[in-house]
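K.L.:
Here you go, one structure.
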Amino acid sequence: MHKIILDCDPGHDDAIAILLAAGNPMIDLLAITTVAGNQTIEKVTRNALSVCAIAGIEVPVARGADRPLVEPQRVAGDIHGASGLDGPVLPAPAFVLDERHAVTLLVDTVMAHEPGEITLVATGPLTNIALAMLTEPAIVDRVKRVVVMGGAYTRGNTTPAAEFNIAVDPEAAEAVFRGSWDVTMVGLDLTHQALATTELHERVRAIGGPVSRFVLDVWEFFGQTYRSVYGFEHPPIHDACCVAAVIDPTVFTTARADVRVELRGQWTRGMTVVDFADVLGMHHGTGRDYRADVAVQLDWGRFADLVVDAITRLGE
Ligand code: BDR
Ligand code: CA
């Protein structure tokens, strides 16, 4: 069993990440923490509770940072709608929030477990994770790995250079990538391969029941915005890729790299500057730190099977 804490901003693809984590028997979902990102902290927290209600998930859910460390708050209403999870009917929460702040819950949970036991899966801006590092630096040695949906080594989706989760809180992202823990960067280069295709729709439709209906409604809305805003034929299920990688590390290939977050560029602030270790002779090596694993190539079939399996189990 892989123990994880899912730090997220649901969010359509975050919702699928929650379902995959709760529905896969290899994952022990210890807690869900929320962070302002796709929408305000009130909205994404409420959405997290609604997703739990839809799928009968009972784990501690704690509300986290309501704004980035330095940047003014920015939300993605054009992609995720006014609620942050427009499209499906959202039921009332079935339980109340954990009364702790997300950062306290994160720190408490990591410190209560043995070193190397917990993987942090971060699918929103990295504000909570950076604050947790500041609050209790010992978590860095205790966490097994941080799997981040964020960044890109080709192009951004929020600016030409920057992906949304990094663009929202670049300082937090830089702190996480500079931490002396193992980080996997699951950027747009990877997640744009994780499409909810017509085939995947049909497989989920065949499952039937309320969880299947919810997922189809999520993809319907997300598909419309991705079509109109980005010209995609099918929507990418970005955040679920991180959970899939914890379940099965062979779901995508990775390459070692040094990842820096640009904090000063006029046009490139929030860009992940990825220096791949195997690009021999290109760089001079001074001060470089090739510790991050950057996701490169997705095995879509394996990914799709994991998503279908989790939805099937949650519907039983
Ligand atoms: C990321 O930004 C959000 O809109 C998604 O939930 C995902 O985490 C993709 O850039
Ligand atoms: Ca997200």
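FYI, nothing fancy with the structure tokens labels: chains A, B, ... in order, residues from 1 per chain, ligands from 1 as they appear.
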Excluding A:Leu105 and residues on its chain fewer than 4 positions from it, collect all residues at most 10 Å away from it, counting only C-alpha atoms, and give them as a PyMOL selection string.
P.N.:
chain A and resi 5+31-33+60-64+98-101+109-111+132
K.L.:
Those residues with C-alpha atoms, as an mmCIF file, in the first residue's frame please?
P.N.:
data_model
loop_
_atom_site.group_PDB
_atom_site.id
_atom_site.type_symbol
_atom_site.label_atom_id
_atom_site.label_comp_id
_atom_site.auth_asym_id
_atom_site.auth_seq_id
_atom_site.Cartn_x
_atom_site.Cartn_y
_atom_site.Cartn_z
ATOM 1 C CA ILE A 5 -1.705 12.887 1.032
ATOM 2 C CA ALA A 31 -5.966 12.941 3.770
ATOM 3 C CA ILE A 32 -7.050 15.497 1.211
ATOM 4 C CA THR A 33 -5.795 19.053 1.652
ATOM 5 C CA PRO A 60 -9.879 13.928 6.633
ATOM 6 C CA VAL A 61 -10.258 16.972 4.382
ATOM 7 C CA ALA A 62 -8.583 20.200 5.490
ATOM 8 C CA ARG A 63 -8.686 23.663 4.028
ATOM 9 C CA GLY A 64 -5.367 25.302 3.197
ATOM 10 C CA ASP A 98 -11.087 18.649 9.611
ATOM 11 C CA GLU A 99 -10.710 21.634 11.913
ATOM 12 C CA ARG A 100 -6.951 21.891 11.366
ATOM 13 C CA HIS A 101 -5.388 24.072 8.698
ATOM 14 C CA THR A 109 0.472 13.382 9.368
ATOM 15 C CA VAL A 110 3.971 13.261 7.885
ATOM 16 C CA MET A 111 5.636 13.517 11.308
ATOM 17 C CA ALA A 132 4.600 23.024 5.418
#
K.L.:
Per residue of chain A within 12 Å of ligand 2, what are the shortest atom pair and its distance in Å to one decimal, counting only C-alpha atoms and all ligand atoms, with rows by chain and residue number, as JSON lines?
P.N.:
{"residue": "A:Leu6", "atom": "CA", "partner": "ligand 2", "partner_atom_place_in_ligand_line": "1 (Ca)", "distance": 10.6}
{"residue": "A:Asp7", "atom": "CA", "partner": "ligand 2", "partner_atom_place_in_ligand_line": "1 (Ca)", "distance": 8.9}
{"residue": "A:Cys8", "atom": "CA", "partner": "ligand 2", "partner_atom_place_in_ligand_line": "1 (Ca)", "distance": 5.7}
{"residue": "A:Asp9", "atom": "CA", "partner": "ligand 2", "partner_atom_place_in_ligand_line": "1 (Ca)", "distance": 5.1}
{"residue": "A:Pro10", "atom": "CA", "partner": "ligand 2", "partner_atom_place_in_ligand_line": "1 (Ca)", "distance": 6.0}
{"residue": "A:Gly11", "atom": "CA", "partner": "ligand 2", "partner_atom_place_in_ligand_line": "1 (Ca)", "distance": 5.7}
{"residue": "A:His12", "atom": "CA", "partner": "ligand 2", "partner_atom_place_in_ligand_line": "1 (Ca)", "distance": 7.7}
{"residue": "A:Asp13", "atom": "CA", "partner": "ligand 2", "partner_atom_place_in_ligand_line": "1 (Ca)", "distance": 6.3}
{"residue": "A:Asp14", "atom": "CA", "partner": "ligand 2", "partner_atom_place_in_ligand_line": "1 (Ca)", "distance": 4.9}
{"residue": "A:Ala15", "atom": "CA", "partner": "ligand 2", "partner_atom_place_in_ligand_line": "1 (Ca)", "distance": 8.5}
{"residue": "A:Ile16", "atom": "CA", "partner": "ligand 2", "partner_atom_place_in_ligand_line": "1 (Ca)", "distance": 10.0}
{"residue": "A:Ala17", "atom": "CA", "partner": "ligand 2", "partner_atom_place_in_ligand_line": "1 (Ca)", "distance": 8.9}
{"residue": "A:Ile18", "atom": "CA", "partner": "ligand 2", "partner_atom_place_in_ligand_line": "1 (Ca)", "distance": 10.7}
{"residue": "A:Thr33", "atom": "CA", "partner": "ligand 2", "partner_atom_place_in_ligand_line": "1 (Ca)", "distance": 12.0}
{"residue": "A:Thr34", "atom": "CA", "partner": "ligand 2", "partner_atom_place_in_ligand_line": "1 (Ca)", "distance": 9.9}
{"residue": "A:Val35", "atom": "CA", "partner": "ligand 2", "partner_atom_place_in_ligand_line": "1 (Ca)", "distance": 9.3}
{"residue": "A:Ala36", "atom": "CA", "partner": "ligand 2", "partner_atom_place_in_ligand_line": "1 (Ca)", "distance": 9.8}
{"residue": "A:Gly37", "atom": "CA", "partner": "ligand 2", "partner_atom_place_in_ligand_line": "1 (Ca)", "distance": 7.3}
{"residue": "A:Asn38", "atom": "CA", "partner": "ligand 2", "partner_atom_place_in_ligand_line": "1 (Ca)", "distance": 6.7}
{"residue": "A:Gln39", "atom": "CA", "partner": "ligand 2", "partner_atom_place_in_ligand_line": "1 (Ca)", "distance": 9.9}
{"residue": "A:Val44", "atom": "CA", "partner": "ligand 2", "partner_atom_place_in_ligand_line": "1 (Ca)", "distance": 9.8}
{"residue": "A:Ala48", "atom": "CA", "partner": "ligand 2", "partner_atom_place_in_ligand_line": "1 (Ca)", "distance": 11.4}
{"residue": "A:Val75", "atom": "CA", "partner": "ligand 2", "partner_atom_place_in_ligand_line": "1 (Ca)", "distance": 11.0}
{"residue": "A:Ala76", "atom": "CA", "partner": "ligand 2", "partner_atom_place_in_ligand_line": "1 (Ca)", "distance": 10.0}
{"residue": "A:Ile79", "atom": "CA", "partner": "ligand 2", "partner_atom_place_in_ligand_line": "1 (Ca)", "distance": 11.1}
{"residue": "A:His80", "atom": "CA", "partner": "ligand 2", "partner_atom_place_in_ligand_line": "1 (Ca)", "distance": 9.9}
{"residue": "A:Gly84", "atom": "CA", "partner": "ligand 2", "partner_atom_place_in_ligand_line": "1 (Ca)", "distance": 10.1}
{"residue": "A:Leu85", "atom": "CA", "partner": "ligand 2", "partner_atom_place_in_ligand_line": "1 (Ca)", "distance": 11.0}
{"residue": "A:Val121", "atom": "CA", "partner": "ligand 2", "partner_atom_place_in_ligand_line": "1 (Ca)", "distance": 10.7}
{"residue": "A:Ala122", "atom": "CA", "partner": "ligand 2", "partner_atom_place_in_ligand_line": "1 (Ca)", "distance": 8.1}
{"residue": "A:Thr123", "atom": "CA", "partner": "ligand 2", "partner_atom_place_in_ligand_line": "1 (Ca)", "distance": 4.4}
{"residue": "A:Gly124", "atom": "CA", "partner": "ligand 2", "partner_atom_place_in_ligand_line": "1 (Ca)", "distance": 4.2}
{"residue": "A:Pro125", "atom": "CA", "partner": "ligand 2", "partner_atom_place_in_ligand_line": "1 (Ca)", "distance": 7.6}
{"residue": "A:Leu126", "atom": "CA", "partner": "ligand 2", "partner_atom_place_in_ligand_line": "1 (Ca)", "distance": 10.4}
{"residue": "A:Val148", "atom": "CA", "partner": "ligand 2", "partner_atom_place_in_ligand_line": "1 (Ca)", "distance": 9.9}
{"residue": "A:Met149", "atom": "CA", "partner": "ligand 2", "partner_atom_place_in_ligand_line": "1 (Ca)", "distance": 7.4}
{"residue": "A:Gly150", "atom": "CA", "partner": "ligand 2", "partner_atom_place_in_ligand_line": "1 (Ca)", "distance": 8.7}
{"residue": "A:Gly151", "atom": "CA", "partner": "ligand 2", "partner_atom_place_in_ligand_line": "1 (Ca)", "distance": 11.9}
{"residue": "A:Glu163", "atom": "CA", "partner": "ligand 2", "partner_atom_place_in_ligand_line": "1 (Ca)", "distance": 11.0}
{"residue": "A:Phe164", "atom": "CA", "partner": "ligand 2", "partner_atom_place_in_ligand_line": "1 (Ca)", "distance": 8.7}
{"residue": "A:Asn165", "atom": "CA", "partner": "ligand 2", "partner_atom_place_in_ligand_line": "1 (Ca)", "distance": 7.1}
{"residue": "A:Ile166", "atom": "CA", "partner": "ligand 2", "partner_atom_place_in_ligand_line": "1 (Ca)", "distance": 10.8}
{"residue": "A:Val168", "atom": "CA", "partner": "ligand 2", "partner_atom_place_in_ligand_line": "1 (Ca)", "distance": 11.3}
{"residue": "A:Val186", "atom": "CA", "partner": "ligand 2", "partner_atom_place_in_ligand_line": "1 (Ca)", "distance": 11.7}
{"residue": "A:Gly187", "atom": "CA", "partner": "ligand 2", "partner_atom_place_in_ligand_line": "1 (Ca)", "distance": 11.7}
{"residue": "A:Leu188", "atom": "CA", "partner": "ligand 2", "partner_atom_place_in_ligand_line": "1 (Ca)", "distance": 11.9}
{"residue": "A:Thr191", "atom": "CA", "partner": "ligand 2", "partner_atom_place_in_ligand_line": "1 (Ca)", "distance": 11.6}
{"residue": "A:Pro236", "atom": "CA", "partner": "ligand 2", "partner_atom_place_in_ligand_line": "1 (Ca)", "distance": 11.4}
{"residue": "A:Ile237", "atom": "CA", "partner": "ligand 2", "partner_atom_place_in_ligand_line": "1 (Ca)", "distance": 9.6}
{"residue": "A:His238", "atom": "CA", "partner": "ligand 2", "partner_atom_place_in_ligand_line": "1 (Ca)", "distance": 7.6}
{"residue": "A:Asp239", "atom": "CA", "partner": "ligand 2", "partner_atom_place_in_ligand_line": "1 (Ca)", "distance": 5.9}
{"residue": "A:Ala240", "atom": "CA", "partner": "ligand 2", "partner_atom_place_in_ligand_line": "1 (Ca)", "distance": 9.3}
{"residue": "A:Cys241", "atom": "CA", "partner": "ligand 2", "partner_atom_place_in_ligand_line": "1 (Ca)", "distance": 11.1}
{"residue": "A:Cys242", "atom": "CA", "partner": "ligand 2", "partner_atom_place_in_ligand_line": "1 (Ca)", "distance": 10.7}
K.L.:
Determine which residues of stretch 17-248 of chain A receive a DSSP assignment of helix (DSSP H, G or I), computed from the backbone, and state them as a count of residues only.
P.N.:
107
K.L.:
Write out as a VMD selection string all residues of stretch 123-312 of chain A that DSSP puts in strand (DSSP E or B) for this structure's backbone.
P.N.:
chain A and resid 145 to 149 183 to 186 195 236 252 to 261 272 to 276 292 to 298
K.L.:
What is the atom CA of A:Gly87-atom CA of A:Arg213 distance in Å, reported with one decimal?
P.N.:
11.1 Å
K.L.:
Provide the atom CA of A:Glu262 to atom CA of A:Pro137 distance in Å, to one decimal place.
P.N.:
23.2 Å
K.L.:
Have a look at A:Thr312, A:Asn157, A:Thr197, A:Ser50 and name the one nearest to ligand 1; count only C-alpha atoms and all ligand atoms.
P.N.:
A:Asn157
K.L.:
Give me, as a PyMOL selection string, all polymer residues having an atom no more than 12 Å from A:Gly56, counting only C-alpha atoms and skipping those fewer than 5 positions away in the same chain.
P.N.:
chain A and resi 18-19+22-23+49-51+91+93-95+210-211+311+313-316
K.L.:
With C-alpha atoms retained, export the selected residues as a compact mmCIF listing (two decimals), in the first residue's frame.
P.N.:
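Output below, filename again18.txt:
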# COMPACT_ATOMS: atom_id res chain seq x y z
CA ILE A 18 -9.33 12.00 -5.91
CA LEU A 19 -11.43 9.17 -7.40
CA ALA A 22 -9.79 6.44 -3.37
CA GLY A 23 -10.72 3.71 -5.83
CA LEU A 49 -16.14 17.48 0.01
CA SER A 50 -18.72 17.02 -2.76
CA VAL A 51 -16.46 14.60 -4.65
CA PRO A 91 -24.18 17.00 -3.73
CA PRO A 93 -20.95 17.53 1.73
CA ALA A 94 -21.53 14.34 3.73
CA PHE A 95 -19.12 15.26 6.54
CA PRO A 210 -23.60 7.81 -10.05
CA VAL A 211 -19.78 7.85 -10.03
CA ILE A 311 -14.43 4.09 -11.15
CA ARG A 313 -14.66 -0.24 -7.78
CA LEU A 314 -16.14 3.02 -6.43
CA GLY A 315 -19.42 2.18 -8.11
CA GLU A 316 -19.70 -1.26 -6.47
K.L.:
In Å to one decimal, how far is atom CA of A:Asp258 from atom CA of A:Asp141?
P.N.:
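Straight-line distance from atom CA of A:Asp141 to atom CA of A:Asp258 works out to 19.2 Å.
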K.L.:
Rank nothing, just name the residue among A:Ser228, A:Ala295, A:Met133, A:His2 nearest to A:Thr253, using only C-alpha atoms.
P.N.:
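The answer is A:Ala295, which sits nearest to A:Thr253.
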K.L.:
My list of candidates is A:Val261, A:Ala102, A:Val140, A:Ala172. Which is closest to A:Gly116 when distances are computed with only C-alpha atoms?
P.N.:
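Among A:Val261, A:Ala102, A:Val140, A:Ala172, it is A:Val140 that comes nearest to A:Gly116.
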